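Have a look at model-v4.cif below; it lists mmCIF, C-alpha atoms.
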data_data
loop_
_atom_site.label_atom_id
_atom_site.label_comp_id
_atom_site.auth_asym_id
_atom_site.auth_seq_id
_atom_site.Cartn_x
_atom_site.Cartn_y
_atom_site.Cartn_z
CA MET A 1 0.00 0.00 0.00
CA ASN A 2 1.33 3.42 -0.83
CA ASP A 3 2.85 5.89 1.57
CA ASN A 4 0.16 8.52 1.04
CA LEU A 5 -2.55 6.13 2.12
CA GLU A 6 -0.51 5.14 5.15
CA HIS A 7 0.15 8.74 6.07
CA SER A 8 -3.48 9.72 5.68
CA PHE A 9 -4.57 6.79 7.82
CA VAL A 10 -2.08 7.41 10.62
CA LYS A 11 -2.99 11.09 10.77
CA GLN A 12 -6.73 10.47 10.95
CA LEU A 13 -6.37 7.70 13.46
CA GLN A 14 -4.14 9.79 15.66
CA GLU A 15 -6.76 12.54 15.69
CA ASN A 16 -9.62 10.12 16.39
CA GLN A 17 -7.89 7.73 18.76
CA ASN A 18 -10.11 8.53 21.73
CA ILE A 19 -12.93 6.51 20.15
CA ILE A 20 -10.70 3.46 20.29
CA HIS A 21 -9.51 4.25 23.81
CA LYS A 22 -13.11 4.43 24.99
CA ILE A 23 -13.92 1.04 23.47
CA CYS A 24 -10.75 -0.44 24.99
CA ARG A 25 -11.71 0.96 28.39
CA LEU A 26 -15.09 -0.71 28.15
CA TYR A 27 -13.89 -4.11 26.96
CA THR A 28 -10.65 -4.59 28.87
CA ASN A 29 -9.70 -4.52 32.51
CA SER A 30 -5.98 -3.87 32.56
CA ASP A 31 -3.56 -1.49 30.92
CA ASP A 32 -1.87 -4.33 29.05
CA ALA A 33 -5.15 -5.60 27.64
CA HIS A 34 -6.10 -2.01 26.76
CA LYS A 35 -2.89 -1.61 24.74
CA ASP A 36 -3.34 -5.02 23.16
CA LEU A 37 -6.88 -4.33 22.02
CA PHE A 38 -5.88 -0.84 20.85
CA GLN A 39 -3.26 -2.40 18.63
CA GLU A 40 -5.61 -5.06 17.23
CA ILE A 41 -8.23 -2.41 16.42
CA THR A 42 -5.56 -0.29 14.73
CA ILE A 43 -4.48 -3.27 12.60
CA GLN A 44 -8.07 -4.07 11.64
CA LEU A 45 -8.79 -0.42 10.81
CA TRP A 46 -5.70 -0.29 8.62
CA LYS A 47 -6.71 -3.50 6.85
CA ALA A 48 -10.16 -2.09 6.14
CA PHE A 49 -8.91 1.41 5.28
CA PRO A 50 -8.61 0.89 1.49
CA LYS A 51 -12.39 0.34 1.50
CA PHE A 52 -13.02 3.59 3.33
CA ARG A 53 -14.37 5.92 0.67
CA GLY A 54 -14.53 9.06 2.68
CA ASP A 55 -18.26 9.53 2.09
CA SER A 56 -18.76 9.25 5.83
CA LYS A 57 -16.63 10.73 8.58
CA PHE A 58 -13.55 8.74 9.57
CA SER A 59 -14.86 8.53 13.12
CA THR A 60 -18.25 7.13 12.04
CA TRP A 61 -16.53 4.50 9.93
CA ALA A 62 -14.05 3.67 12.68
CA TYR A 63 -16.81 3.02 15.24
CA ARG A 64 -18.05 -0.03 13.42
CA VAL A 65 -14.66 -1.60 12.72
CA ALA A 66 -13.47 -0.91 16.27
CA LEU A 67 -16.60 -2.33 17.90
CA ASN A 68 -16.56 -5.37 15.62
CA THR A 69 -12.96 -6.01 16.56
CA ALA A 70 -13.63 -5.67 20.28
CA ILE A 71 -16.73 -7.87 20.25
CA THR A 72 -15.91 -10.44 17.61
CA LEU A 73 -12.28 -10.61 16.54
CA TYR A 74 -10.30 -9.85 19.65
CA ARG A 75 -9.10 -12.84 21.59
CA LYS A 76 -7.21 -12.70 24.80
CA THR A 77 -7.04 -15.88 26.83
CA LYS A 78 -6.24 -14.23 30.12
CA ARG A 79 -9.19 -11.91 29.87
CA SER A 80 -11.75 -12.01 32.63
CA ILE A 81 -14.36 -9.41 31.96
CA ASN A 82 -15.82 -9.30 35.42
CA THR A 83 -12.68 -8.41 37.35
CA ILE A 84 -12.48 -4.71 37.80
CA GLU A 85 -9.25 -2.94 38.55
CA PHE A 86 -10.94 0.18 39.52
CA GLU A 87 -8.60 2.19 41.71
CA GLY A 88 -5.66 1.80 39.37
CA ARG A 89 -7.44 3.43 36.51
CA GLN A 90 -7.16 7.15 36.90
CA HIS A 91 -8.70 8.00 33.58
CA PHE A 92 -12.15 7.02 34.75
CA LEU A 93 -12.57 10.30 36.43
CA ASN A 94 -11.73 13.70 35.29
CA ASP A 95 -9.67 16.18 37.24
CA VAL A 96 -12.67 18.47 37.34
CA GLU A 97 -14.02 18.66 40.87
CA TYR A 98 -17.08 16.65 41.65
CA ASP A 99 -19.20 16.66 44.66
CA TYR A 100 -18.45 13.41 46.40
CA GLU A 101 -21.88 11.93 46.07
CA GLU A 102 -21.95 12.43 42.33
CA GLU A 103 -18.44 11.04 41.99
CA GLU A 104 -19.44 7.97 43.93
CA GLN A 105 -22.50 7.47 41.75
CA ILE A 106 -20.46 7.68 38.57
CA LYS A 107 -17.99 5.15 39.95
CA LEU A 108 -20.79 2.75 40.77
CA MET A 109 -22.26 3.27 37.34
CA TYR A 110 -18.97 2.37 35.64
CA LYS A 111 -18.81 -0.74 37.78
CA ALA A 112 -22.35 -1.66 36.78
CA VAL A 113 -21.61 -1.15 33.09
CA TYR A 114 -18.64 -3.50 33.46
CA GLN A 115 -20.99 -6.25 34.52
CA LEU A 116 -22.94 -6.11 31.27
CA ASN A 117 -22.21 -8.58 28.48
CA ASP A 118 -20.35 -7.68 25.27
CA ILE A 119 -23.46 -6.83 23.27
CA GLU A 120 -25.04 -4.78 26.05
CA LYS A 121 -21.80 -2.87 26.43
CA ALA A 122 -21.87 -2.07 22.72
CA LEU A 123 -25.37 -0.61 23.02
CA ILE A 124 -24.44 1.42 26.08
CA PHE A 125 -21.27 2.61 24.35
CA MET A 126 -23.18 3.93 21.36
CA TYR A 127 -25.79 5.46 23.64
CA LEU A 128 -23.07 7.30 25.58
CA GLU A 129 -21.58 8.42 22.28
CA ASP A 130 -24.94 9.98 21.34
CA LYS A 131 -25.58 7.66 18.41
CA ASP A 132 -29.18 7.45 17.27
CA TYR A 133 -31.07 4.15 17.21
CA GLN A 134 -30.79 3.91 13.46
CA GLU A 135 -27.00 3.85 13.66
CA ILE A 136 -27.03 1.51 16.65
CA SER A 137 -29.28 -0.95 14.83
CA GLU A 138 -27.24 -0.77 11.62
CA THR A 139 -23.95 -1.27 13.44
CA LEU A 140 -25.11 -4.31 15.36
CA GLY A 141 -27.35 -5.73 12.65
CA ILE A 142 -30.57 -5.70 14.67
CA SER A 143 -33.86 -3.92 14.06
CA GLU A 144 -34.34 -0.36 15.30
CA VAL A 145 -37.39 -1.24 17.38
CA ASN A 146 -35.57 -4.09 19.08
CA ALA A 147 -32.54 -1.91 19.71
CA ARG A 148 -34.84 0.44 21.67
CA VAL A 149 -36.42 -2.43 23.57
CA LYS A 150 -33.00 -3.84 24.40
CA MET A 151 -31.74 -0.44 25.54
CA ASN A 152 -34.65 -0.15 27.95
CA ARG A 153 -33.92 -3.63 29.28
CA ILE A 154 -30.28 -2.69 29.81
CA LYS A 155 -31.35 0.37 31.76
CA GLY A 156 -33.47 -1.89 33.90
CA LYS A 157 -30.58 -4.26 34.38
CA LEU A 158 -28.26 -1.41 35.40
CA LYS A 159 -30.84 -0.21 37.92
CA LYS A 160 -31.00 -3.70 39.38
CA ILE A 161 -27.22 -3.89 39.67
CA LEU A 162 -27.14 -0.51 41.40
CA ASN A 163 -30.00 -1.34 43.77
CA PRO A 164 -29.94 -5.07 44.34
CA MET B 1 -32.28 7.16 34.34
CA LYS B 2 -30.44 9.74 36.43
CA GLU B 3 -27.26 7.74 36.92
CA LEU B 4 -26.97 7.09 33.20
CA ASP B 5 -27.20 10.81 32.48
CA LEU B 6 -24.44 11.42 35.00
CA LEU B 7 -22.33 8.75 33.34
CA LYS B 8 -22.93 10.29 29.93
CA LYS B 9 -21.80 13.67 31.19
CA ASP B 10 -18.65 12.17 32.64
CA TRP B 11 -18.05 10.01 29.57
CA ASN B 12 -17.91 12.97 27.25
CA LYS B 13 -15.77 15.01 29.59
CA ASN B 14 -13.10 12.36 29.78
CA ASP B 15 -11.72 12.67 26.28
CA ASN B 16 -8.41 14.14 27.34
CA SER B 17 -7.66 11.63 30.03
CA PHE B 18 -6.25 8.91 27.77
CA ALA B 19 -2.54 8.63 27.22
CA GLN B 20 -2.25 9.58 23.56
CA VAL B 21 -0.59 7.20 21.12
CA SER B 22 1.89 9.00 18.85
CA GLU B 23 1.86 8.83 15.04
CA ILE B 24 5.15 6.92 15.15
CA ASP B 25 3.62 4.27 17.38
CA ILE B 26 0.61 3.97 15.08
CA TYR B 27 3.01 3.44 12.14
CA LYS B 28 4.67 0.67 14.11
CA MET B 29 1.33 -0.89 15.03
CA ILE B 30 -0.02 -1.17 11.50
CA HIS B 31 3.02 -3.23 10.52
CA LYS B 32 2.46 -5.69 13.29
CA LYS B 33 0.64 -8.97 12.76
CA SER B 34 -2.98 -9.36 13.77
CA SER B 35 -3.90 -11.98 16.34
CA SER B 36 -7.64 -12.00 15.66
CA ILE B 37 -9.71 -15.16 15.82
CA VAL B 38 -10.25 -14.96 12.08
CA LYS B 39 -6.53 -15.46 11.66
CA TRP B 40 -6.56 -18.43 14.02
CA ILE B 41 -9.49 -19.95 12.19
CA LEU B 42 -7.65 -19.48 8.89
CA ILE B 43 -4.49 -21.18 10.20
CA ILE B 44 -6.37 -24.10 11.75
CA SER B 45 -8.58 -24.48 8.69
CA ILE B 46 -5.61 -24.55 6.30
CA LEU B 47 -3.96 -27.21 8.47
CA GLU B 48 -7.17 -29.26 8.54
CA VAL B 49 -7.70 -29.05 4.79
CA LEU B 50 -4.04 -29.92 4.15
CA LEU B 51 -4.16 -32.88 6.52
CA TRP B 52 -7.34 -34.36 5.09
CA THR B 53 -6.37 -33.67 1.51
CA CYS B 54 -3.01 -35.37 2.12
CA LEU B 55 -4.69 -38.34 3.72
CA SER B 56 -7.19 -38.66 0.94
CA VAL B 57 -4.63 -38.25 -1.86
CA CYS B 58 -1.87 -40.29 -0.21
CA PHE B 59 -4.14 -43.13 0.80
CA ASN B 60 -3.56 -45.10 -2.33
CA SER B 61 -5.62 -48.20 -2.86
CA ASP B 62 -4.10 -49.04 -6.25
CA ASP B 63 -1.45 -51.44 -4.95
CA TYR B 64 -3.96 -53.29 -2.88
CA LEU B 65 -6.36 -53.49 -5.79
CA LYS B 66 -3.59 -54.78 -8.04
CA THR B 67 -3.01 -57.74 -5.75
CA ILE B 68 -6.65 -58.58 -6.03
CA ASN B 69 -6.42 -57.93 -9.77
CA HIS B 70 -10.02 -57.07 -10.40
CA GLY B 71 -10.41 -54.80 -13.43
CA GLU B 72 -13.94 -53.64 -12.76
CA LEU B 73 -13.12 -52.62 -9.20
CA ILE B 74 -10.08 -50.62 -10.30
CA GLN B 75 -12.32 -48.73 -12.72
CA TYR B 76 -14.80 -47.89 -9.97
CA PHE B 77 -12.03 -46.67 -7.74
CA ASP B 78 -10.63 -44.44 -10.48
CA VAL B 79 -14.01 -42.77 -10.90
CA PHE B 80 -14.21 -42.32 -7.16
CA THR B 81 -10.70 -40.80 -6.99
CA TYR B 82 -11.57 -38.16 -9.59
CA PHE B 83 -14.83 -37.41 -7.82
CA ASN B 84 -12.87 -36.95 -4.60
CA TYR B 85 -10.43 -34.51 -6.25
CA GLY B 86 -13.41 -32.55 -7.52
CA VAL B 87 -14.87 -32.34 -4.03
CA ILE B 88 -11.53 -31.18 -2.56
CA VAL B 89 -11.21 -28.39 -5.14
CA PHE B 90 -14.84 -27.37 -4.56
CA PHE B 91 -14.33 -27.17 -0.79
CA ILE B 92 -11.15 -25.13 -1.09
CA TYR B 93 -12.91 -22.72 -3.45
CA LEU B 94 -15.89 -22.44 -1.09
CA PHE B 95 -13.64 -21.84 1.90
CA TYR B 96 -11.65 -19.17 0.05
CA LYS B 97 -14.86 -17.47 -1.09
CA ASN B 98 -16.34 -17.44 2.42
CA TYR B 99 -13.08 -16.31 3.98
CA LYS B 100 -12.89 -13.40 1.57
CA THR B 101 -16.35 -12.15 2.52
CA ILE B 102 -15.29 -11.65 6.15
CA SER B 103 -15.08 -7.91 6.61
CA THR B 104 -15.03 -5.72 9.69
CA THR B 105 -17.05 -3.03 7.93
CA VAL B 106 -20.32 -4.98 7.91
CA SER B 107 -22.69 -5.17 10.88
CA THR B 108 -21.63 -7.15 13.96
CA LYS B 109 -24.25 -9.82 13.36
CA GLN B 110 -23.28 -10.24 9.71
CA LEU B 111 -19.59 -10.45 10.62
CA MET B 112 -20.28 -13.19 13.15
CA PHE B 113 -22.43 -15.04 10.63
CA ASP B 114 -19.68 -14.86 7.99
CA ILE B 115 -17.05 -16.16 10.41
CA LEU B 116 -19.23 -19.05 11.52
CA LYS B 117 -20.06 -19.87 7.90
CA THR B 118 -16.39 -20.04 6.96
CA ARG B 119 -15.75 -22.26 9.95
CA LYS B 120 -18.65 -24.52 8.98
CA THR B 121 -17.29 -25.01 5.46
CA VAL B 122 -14.18 -26.61 6.92
CA GLN B 123 -16.28 -28.60 9.35
CA TYR B 124 -18.31 -30.03 6.47
CA TYR B 125 -15.10 -30.89 4.67
CA VAL B 126 -13.87 -32.80 7.71
CA TRP B 127 -17.22 -34.62 8.01
CA TYR B 128 -17.10 -35.48 4.34
CA ASN B 129 -13.65 -37.00 4.77
CA LEU B 130 -14.70 -38.89 7.87
CA ALA B 131 -17.70 -40.31 6.04
CA ILE B 132 -15.52 -41.31 3.10
CA LEU B 133 -13.10 -42.92 5.53
CA VAL B 134 -15.82 -45.03 7.14
CA VAL B 135 -17.32 -46.00 3.78
CA SER B 136 -13.86 -46.91 2.47
CA LEU B 137 -13.20 -49.06 5.53
CA ILE B 138 -16.48 -50.92 5.13
CA ILE B 139 -15.94 -51.43 1.39
CA GLY B 140 -12.35 -52.48 2.14
CA PHE B 141 -13.54 -55.14 4.54
CA ILE B 142 -16.12 -56.41 2.10
CA ILE B 143 -13.60 -56.55 -0.73
CA ALA B 144 -11.12 -58.30 1.51
CA PHE B 145 -13.69 -60.90 2.43
CA VAL B 146 -15.09 -61.45 -1.01
CA TYR B 147 -12.07 -61.10 -3.28
CA ASN B 148 -8.88 -61.62 -1.32
CA PRO B 149 -7.88 -65.28 -1.41
CA GLU B 150 -5.70 -64.87 1.72
CA MET B 151 -8.79 -64.13 3.74
CA SER B 152 -10.69 -67.28 2.86
CA ILE B 153 -9.41 -69.24 5.89
CA LEU B 154 -10.44 -66.48 8.27
CA LYS B 155 -13.71 -66.12 6.42
CA ASP B 156 -14.54 -69.78 6.91
CA LYS B 157 -13.61 -69.59 10.55
CA ILE B 158 -15.82 -66.58 11.21
CA ALA B 159 -18.71 -68.01 9.25
CA SER B 160 -18.59 -71.28 11.11
CA ASN B 161 -18.22 -69.78 14.57
CA GLY B 162 -20.92 -67.41 15.81
CA ARG B 163 -18.84 -66.17 18.72
CA VAL B 164 -15.86 -65.19 16.59
CA MET B 165 -18.25 -63.31 14.32
CA ALA B 166 -19.87 -61.44 17.21
CA ILE B 167 -16.46 -60.49 18.62
CA SER B 168 -15.24 -59.28 15.23
CA ILE B 169 -18.29 -57.10 14.67
CA GLY B 170 -18.17 -55.82 18.26
CA PHE B 171 -14.51 -54.93 17.89
CA LEU B 172 -15.20 -53.04 14.66
CA ILE B 173 -18.03 -51.04 16.21
CA PHE B 174 -15.98 -50.30 19.32
CA THR B 175 -12.97 -49.06 17.32
CA THR B 176 -15.21 -46.83 15.23
CA LEU B 177 -16.89 -45.36 18.31
CA VAL B 178 -13.58 -44.65 20.08
CA PHE B 179 -12.22 -43.05 16.96
CA PHE B 180 -15.26 -40.79 16.55
CA GLY B 181 -15.38 -40.02 20.25
CA ALA B 182 -11.76 -38.86 20.29
CA PHE B 183 -12.39 -36.78 17.21
CA TRP B 184 -15.50 -35.16 18.62
CA LEU B 185 -13.71 -34.34 21.88
CA PHE B 186 -10.78 -32.79 20.05
CA TYR B 187 -13.15 -30.56 18.10
CA ARG B 188 -15.13 -29.58 21.16
CA ILE B 189 -12.02 -28.50 22.98
CA LEU B 190 -10.33 -26.75 20.06
CA TYR B 191 -13.29 -24.75 18.84
CA GLY B 192 -14.84 -24.48 22.26
CA ILE B 193 -11.87 -22.42 23.34
CA LEU B 194 -11.71 -20.44 20.14
CA LEU B 195 -15.36 -19.74 19.43
CA ARG B 196 -17.15 -19.83 22.78
CA ARG B 197 -17.37 -16.06 23.11
CA LEU B 198 -18.34 -15.62 19.47
CA TYR B 199 -21.18 -18.13 19.78
CA ALA B 200 -22.41 -16.53 23.00
CA ASN B 201 -22.44 -13.06 21.47
CA TYR B 202 -24.06 -14.29 18.27
CA LYS B 203 -26.79 -15.96 20.30
CA GLU B 204 -27.30 -12.78 22.33
CA LEU B 205 -27.65 -10.70 19.15
CA LYS B 206 -30.11 -13.14 17.64
CA LYS B 207 -32.10 -13.15 20.85
CA ILE B 208 -32.60 -9.37 20.64
CA ASP B 209 -34.42 -9.75 17.33
CA LEU B 210 -36.63 -12.65 18.40
#

Let's see the structure in the file written out as structure tokens.
Amino acid sequence: MNDNLEHSFVKQLQENQNIIHKICRLYTNSDDAHKDLFQEITIQLWKAFPKFRGDSKFSTWAYRVALNTAITLYRKTKRSINTIEFEGRQHFLNDVEYDYEEEEQIKLMYKAVYQLNDIEKALIFMYLEDKDYQEISETLGISEVNARVKMNRIKGKLKKILNP
Amino acid sequence: MKELDLLKKDWNKNDNSFAQVSEIDIYKMIHKKSSSIVKWILIISILEVLLWTCLSVCFNSDDYLKTINHGELIQYFDVFTYFNYGVIVFFIYLFYKNYKTISTTVSTKQLMFDILKTRKTVQYYVWYNLAILVVSLIIGFIIAFVYNPEMSILKDKIASNGRVMAISIGFLIFTTLVFFGAFWLFYRILYGILLRRLYANYKELKKIDL
């Protein structure tokens, strides 16, 4: 593949890398796994890049490839999704001051999201990223109506986890 | 849901908290090898196809048939050999075609479906070879009994003694069962490890649309 293509890819990925970081944060539970998944997503994005026509935004296109990699292609034997290394992960919370109660609630919420399965996490991820139901349904390959129903169920599930 | 709104607020504020990967590191990454399950499936599938193709091509019955010296049988076996080559080529083509359709730019459900389909092609190929193997063994036994003069003593013995016959048949069935059992277990373990998560997620996605 030519250098121009490579350069264009690296530049756009560098600018949009937070999308990938967010997915890695959701689907991994250690810094090593985060880096590992980040690399695999980057490789998969690069492989698919020649097909990227530029008729949609790079970030929109990257969402699908990155999520597909995290849910379907990525394989890490030592992964255990339910173990949460919470304290060690500073980037969960911003430096901006919170009132303690709110900070605590957000922490609990992150913990609850971690307990969801891969597909539920994908829905929550796209919800947090402000994607509409049409895009959510197209990305996952489910119907729009059922995406809504599922989202409501996930909210219910999160509530249950928070208030057992 | 109040907590979810809070999370959303925090989620979008946190963009600058990730350690940024430099362009140089991204260059390095894209030249590294992928370790995705698709790659593992490809490697295992190629090994499987090679193994079975080798077995089926290398397993040469000509010499055996020559000792029996039965022209009609040799003709039948030639037809079968060509048919088998045709099937091998067809399977390899099908596998290649399915493998090529795997793309990360389609929907998650479609991607999973394509991966499982590719995997199934190889599975069918293995089943085909197993079936051929069993059929060959049975035909081999029959030919040995009917045409091979060396077997006539054994044949008489088995025919005259009901117990020897029962033991022979029992032994054959037992060997076949052990063979298939070991095979099945091997597959369960190998693909269980590799595809468990994929199957679970595929099932979960299908369940949403039920």

Non-local contacts of segment 110-116 of chain B (9 Å; all atoms listed in the file; under 5 positions in same chain excluded) as a PyMOL selection string: (chain A and resi 68+72+140-141) or (chain B and resi 38+41+98-99+101-105+121+195+198-199+201-202)

Limited to C-alpha atoms, could you put the picked residues into a file as an mmCIF file, keeping the file's coordinate frame?
data_model
loop_
_atom_site.group_PDB
_atom_site.id
_atom_site.type_symbol
_atom_site.label_atom_id
_atom_site.label_comp_id
_atom_site.auth_asym_id
_atom_site.auth_seq_id
_atom_site.Cartn_x
_atom_site.Cartn_y
_atom_site.Cartn_z
ATOM 1 C CA ASN A 68 -16.560 -5.370 15.620
ATOM 2 C CA THR A 72 -15.910 -10.440 17.610
ATOM 3 C CA LEU A 140 -25.110 -4.310 15.360
ATOM 4 C CA GLY A 141 -27.350 -5.730 12.650
ATOM 5 C CA VAL B 38 -10.250 -14.960 12.080
ATOM 6 C CA ILE B 41 -9.490 -19.950 12.190
ATOM 7 C CA ASN B 98 -16.340 -17.440 2.420
ATOM 8 C CA TYR B 99 -13.080 -16.310 3.980
ATOM 9 C CA THR B 101 -16.350 -12.150 2.520
ATOM 10 C CA ILE B 102 -15.290 -11.650 6.150
ATOM 11 C CA SER B 103 -15.080 -7.910 6.610
ATOM 12 C CA THR B 104 -15.030 -5.720 9.690
ATOM 13 C CA THR B 105 -17.050 -3.030 7.930
ATOM 14 C CA THR B 121 -17.290 -25.010 5.460
ATOM 15 C CA LEU B 195 -15.360 -19.740 19.430
ATOM 16 C CA LEU B 198 -18.340 -15.620 19.470
ATOM 17 C CA TYR B 199 -21.180 -18.130 19.780
ATOM 18 C CA ASN B 201 -22.440 -13.060 21.470
ATOM 19 C CA TYR B 202 -24.060 -14.290 18.270
#

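In this comparison, which uses all atoms listed in the file, the residue of A:Ile19, A:Leu158, A:Leu67, A:Leu123 approaching Val106 of chain B most closely is A:Leu67.
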
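Picture a line from atom CA of Tyr27 of chain A to atom CA of Leu128 of chain A; it runs 14.7 Å.
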
Hey, what comes out of the PyMOL selection byres ((chain A and resi 12) around 12) on this file? Could you write it as a VMD selection string? (chain A and resid 5 to 11 13 to 19 42 45 to 46 49 54 57 to 59 61 to 62) or (chain B and resid 22 to 23 26)

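The residues caught by the PyMOL selection byres ((chain A and resi 135) around 12) in this file are Thr60, Trp61, Tyr63, Arg64, Ala122, Leu123, Met126, Tyr127, Glu129, Asp130, Lys131, Asp132, Tyr133, Gln134, Ile136, Ser137, Glu138, Thr139, Leu140, Gly141, Ile142, Ser143, Glu144, Ala147 and Arg148 of chain A; Ser107 of chain B.
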
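Here the PyMOL selection byres ((chain B and resi 57) around 12) captures the residues Val49, Leu50, Leu51, Trp52, Thr53, Cys54, Leu55, Ser56, Cys58, Phe59, Asn60, Ser61, Asp62, Phe80, Thr81, Tyr82, Phe83, Asn84, Tyr85, Gly86, Ile88 and Asn129 of chain B.
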
Considering all atoms listed in the file, return as a PyMOL selection string whatever protein or nucleic-acid residues lie within 12 Å of segment 4-16 of chain B, sequence-local ones (same chain, fewer than 3 positions apart) excluded. (chain A and resi 15-23+25-26+90-98+101-113+124-130+151-152+154-159+162) or (chain B and resi 1+19-20)

Show me the residues around (-8.7, -25.6, 20.5) - criterion: an atom at most 12 Å away, only C-alpha atoms counted - as an MDAnalysis selection string. (chainID A and resid 77) or (chainID B and resid 37 40:41 43:45 184:196)

As a PDB file, keeping the file's coordinate frame, could you write out segment 175-193 of chain B once it has been completed with N, CA and C atoms?
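Wrote part.pdb, looks like this:
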ATOM      1  N   THR B 175     -14.068 -49.870  17.872  1.00  0.00           N
ATOM      2  CA  THR B 175     -12.970 -49.060  17.320  1.00  0.00           C
ATOM      3  C   THR B 175     -13.527 -47.789  16.667  1.00  0.00           C
ATOM      4  N   THR B 176     -14.607 -47.976  15.900  1.00  0.00           N
ATOM      5  CA  THR B 176     -15.210 -46.830  15.230  1.00  0.00           C
ATOM      6  C   THR B 176     -15.695 -45.791  16.242  1.00  0.00           C
ATOM      7  N   LEU B 177     -16.349 -46.277  17.303  1.00  0.00           N
ATOM      8  CA  LEU B 177     -16.890 -45.360  18.310  1.00  0.00           C
ATOM      9  C   LEU B 177     -15.775 -44.601  19.024  1.00  0.00           C
ATOM     10  N   VAL B 178     -14.709 -45.306  19.401  1.00  0.00           N
ATOM     11  CA  VAL B 178     -13.580 -44.650  20.080  1.00  0.00           C
ATOM     12  C   VAL B 178     -12.963 -43.593  19.171  1.00  0.00           C
ATOM     13  N   PHE B 179     -12.802 -43.964  17.938  1.00  0.00           N
ATOM     14  CA  PHE B 179     -12.220 -43.050  16.960  1.00  0.00           C
ATOM     15  C   PHE B 179     -13.060 -41.757  16.836  1.00  0.00           C
ATOM     16  N   PHE B 180     -14.378 -41.958  16.679  1.00  0.00           N
ATOM     17  CA  PHE B 180     -15.260 -40.790  16.550  1.00  0.00           C
ATOM     18  C   PHE B 180     -15.336 -39.979  17.844  1.00  0.00           C
ATOM     19  N   GLY B 181     -15.337 -40.691  18.952  1.00  0.00           N
ATOM     20  CA  GLY B 181     -15.380 -40.020  20.250  1.00  0.00           C
ATOM     21  C   GLY B 181     -14.173 -39.113  20.452  1.00  0.00           C
ATOM     22  N   ALA B 182     -12.991 -39.637  20.139  1.00  0.00           N
ATOM     23  CA  ALA B 182     -11.760 -38.860  20.290  1.00  0.00           C
ATOM     24  C   ALA B 182     -11.800 -37.647  19.377  1.00  0.00           C
ATOM     25  N   PHE B 183     -12.296 -37.852  18.185  1.00  0.00           N
ATOM     26  CA  PHE B 183     -12.390 -36.780  17.210  1.00  0.00           C
ATOM     27  C   PHE B 183     -13.329 -35.666  17.676  1.00  0.00           C
ATOM     28  N   TRP B 184     -14.473 -36.108  18.137  1.00  0.00           N
ATOM     29  CA  TRP B 184     -15.500 -35.160  18.620  1.00  0.00           C
ATOM     30  C   TRP B 184     -14.953 -34.338  19.789  1.00  0.00           C
ATOM     31  N   LEU B 185     -14.274 -35.004  20.702  1.00  0.00           N
ATOM     32  CA  LEU B 185     -13.710 -34.340  21.880  1.00  0.00           C
ATOM     33  C   LEU B 185     -12.668 -33.302  21.463  1.00  0.00           C
ATOM     34  N   PHE B 186     -11.818 -33.697  20.543  1.00  0.00           N
ATOM     35  CA  PHE B 186     -10.780 -32.790  20.050  1.00  0.00           C
ATOM     36  C   PHE B 186     -11.410 -31.515  19.484  1.00  0.00           C
ATOM     37  N   TYR B 187     -12.475 -31.711  18.703  1.00  0.00           N
ATOM     38  CA  TYR B 187     -13.150 -30.560  18.100  1.00  0.00           C
ATOM     39  C   TYR B 187     -13.827 -29.688  19.144  1.00  0.00           C
ATOM     40  N   ARG B 188     -14.454 -30.320  20.096  1.00  0.00           N
ATOM     41  CA  ARG B 188     -15.130 -29.580  21.160  1.00  0.00           C
ATOM     42  C   ARG B 188     -14.141 -28.683  21.891  1.00  0.00           C
ATOM     43  N   ILE B 189     -13.007 -29.254  22.212  1.00  0.00           N
ATOM     44  CA  ILE B 189     -12.020 -28.500  22.980  1.00  0.00           C
ATOM     45  C   ILE B 189     -11.422 -27.373  22.135  1.00  0.00           C
ATOM     46  N   LEU B 190     -10.991 -27.734  20.928  1.00  0.00           N
ATOM     47  CA  LEU B 190     -10.330 -26.750  20.060  1.00  0.00           C
ATOM     48  C   LEU B 190     -11.237 -25.560  19.753  1.00  0.00           C
ATOM     49  N   TYR B 191     -12.419 -25.847  19.237  1.00  0.00           N
ATOM     50  CA  TYR B 191     -13.290 -24.750  18.840  1.00  0.00           C
ATOM     51  C   TYR B 191     -14.087 -24.199  20.008  1.00  0.00           C
ATOM     52  N   GLY B 192     -14.212 -24.997  21.052  1.00  0.00           N
ATOM     53  CA  GLY B 192     -14.840 -24.480  22.260  1.00  0.00           C
ATOM     54  C   GLY B 192     -14.043 -23.302  22.792  1.00  0.00           C
ATOM     55  N   ILE B 193     -12.737 -23.484  22.838  1.00  0.00           N
ATOM     56  CA  ILE B 193     -11.870 -22.420  23.340  1.00  0.00           C
ATOM     57  C   ILE B 193     -11.912 -21.220  22.412  1.00  0.00           C
TER      58      ILE B 193
END
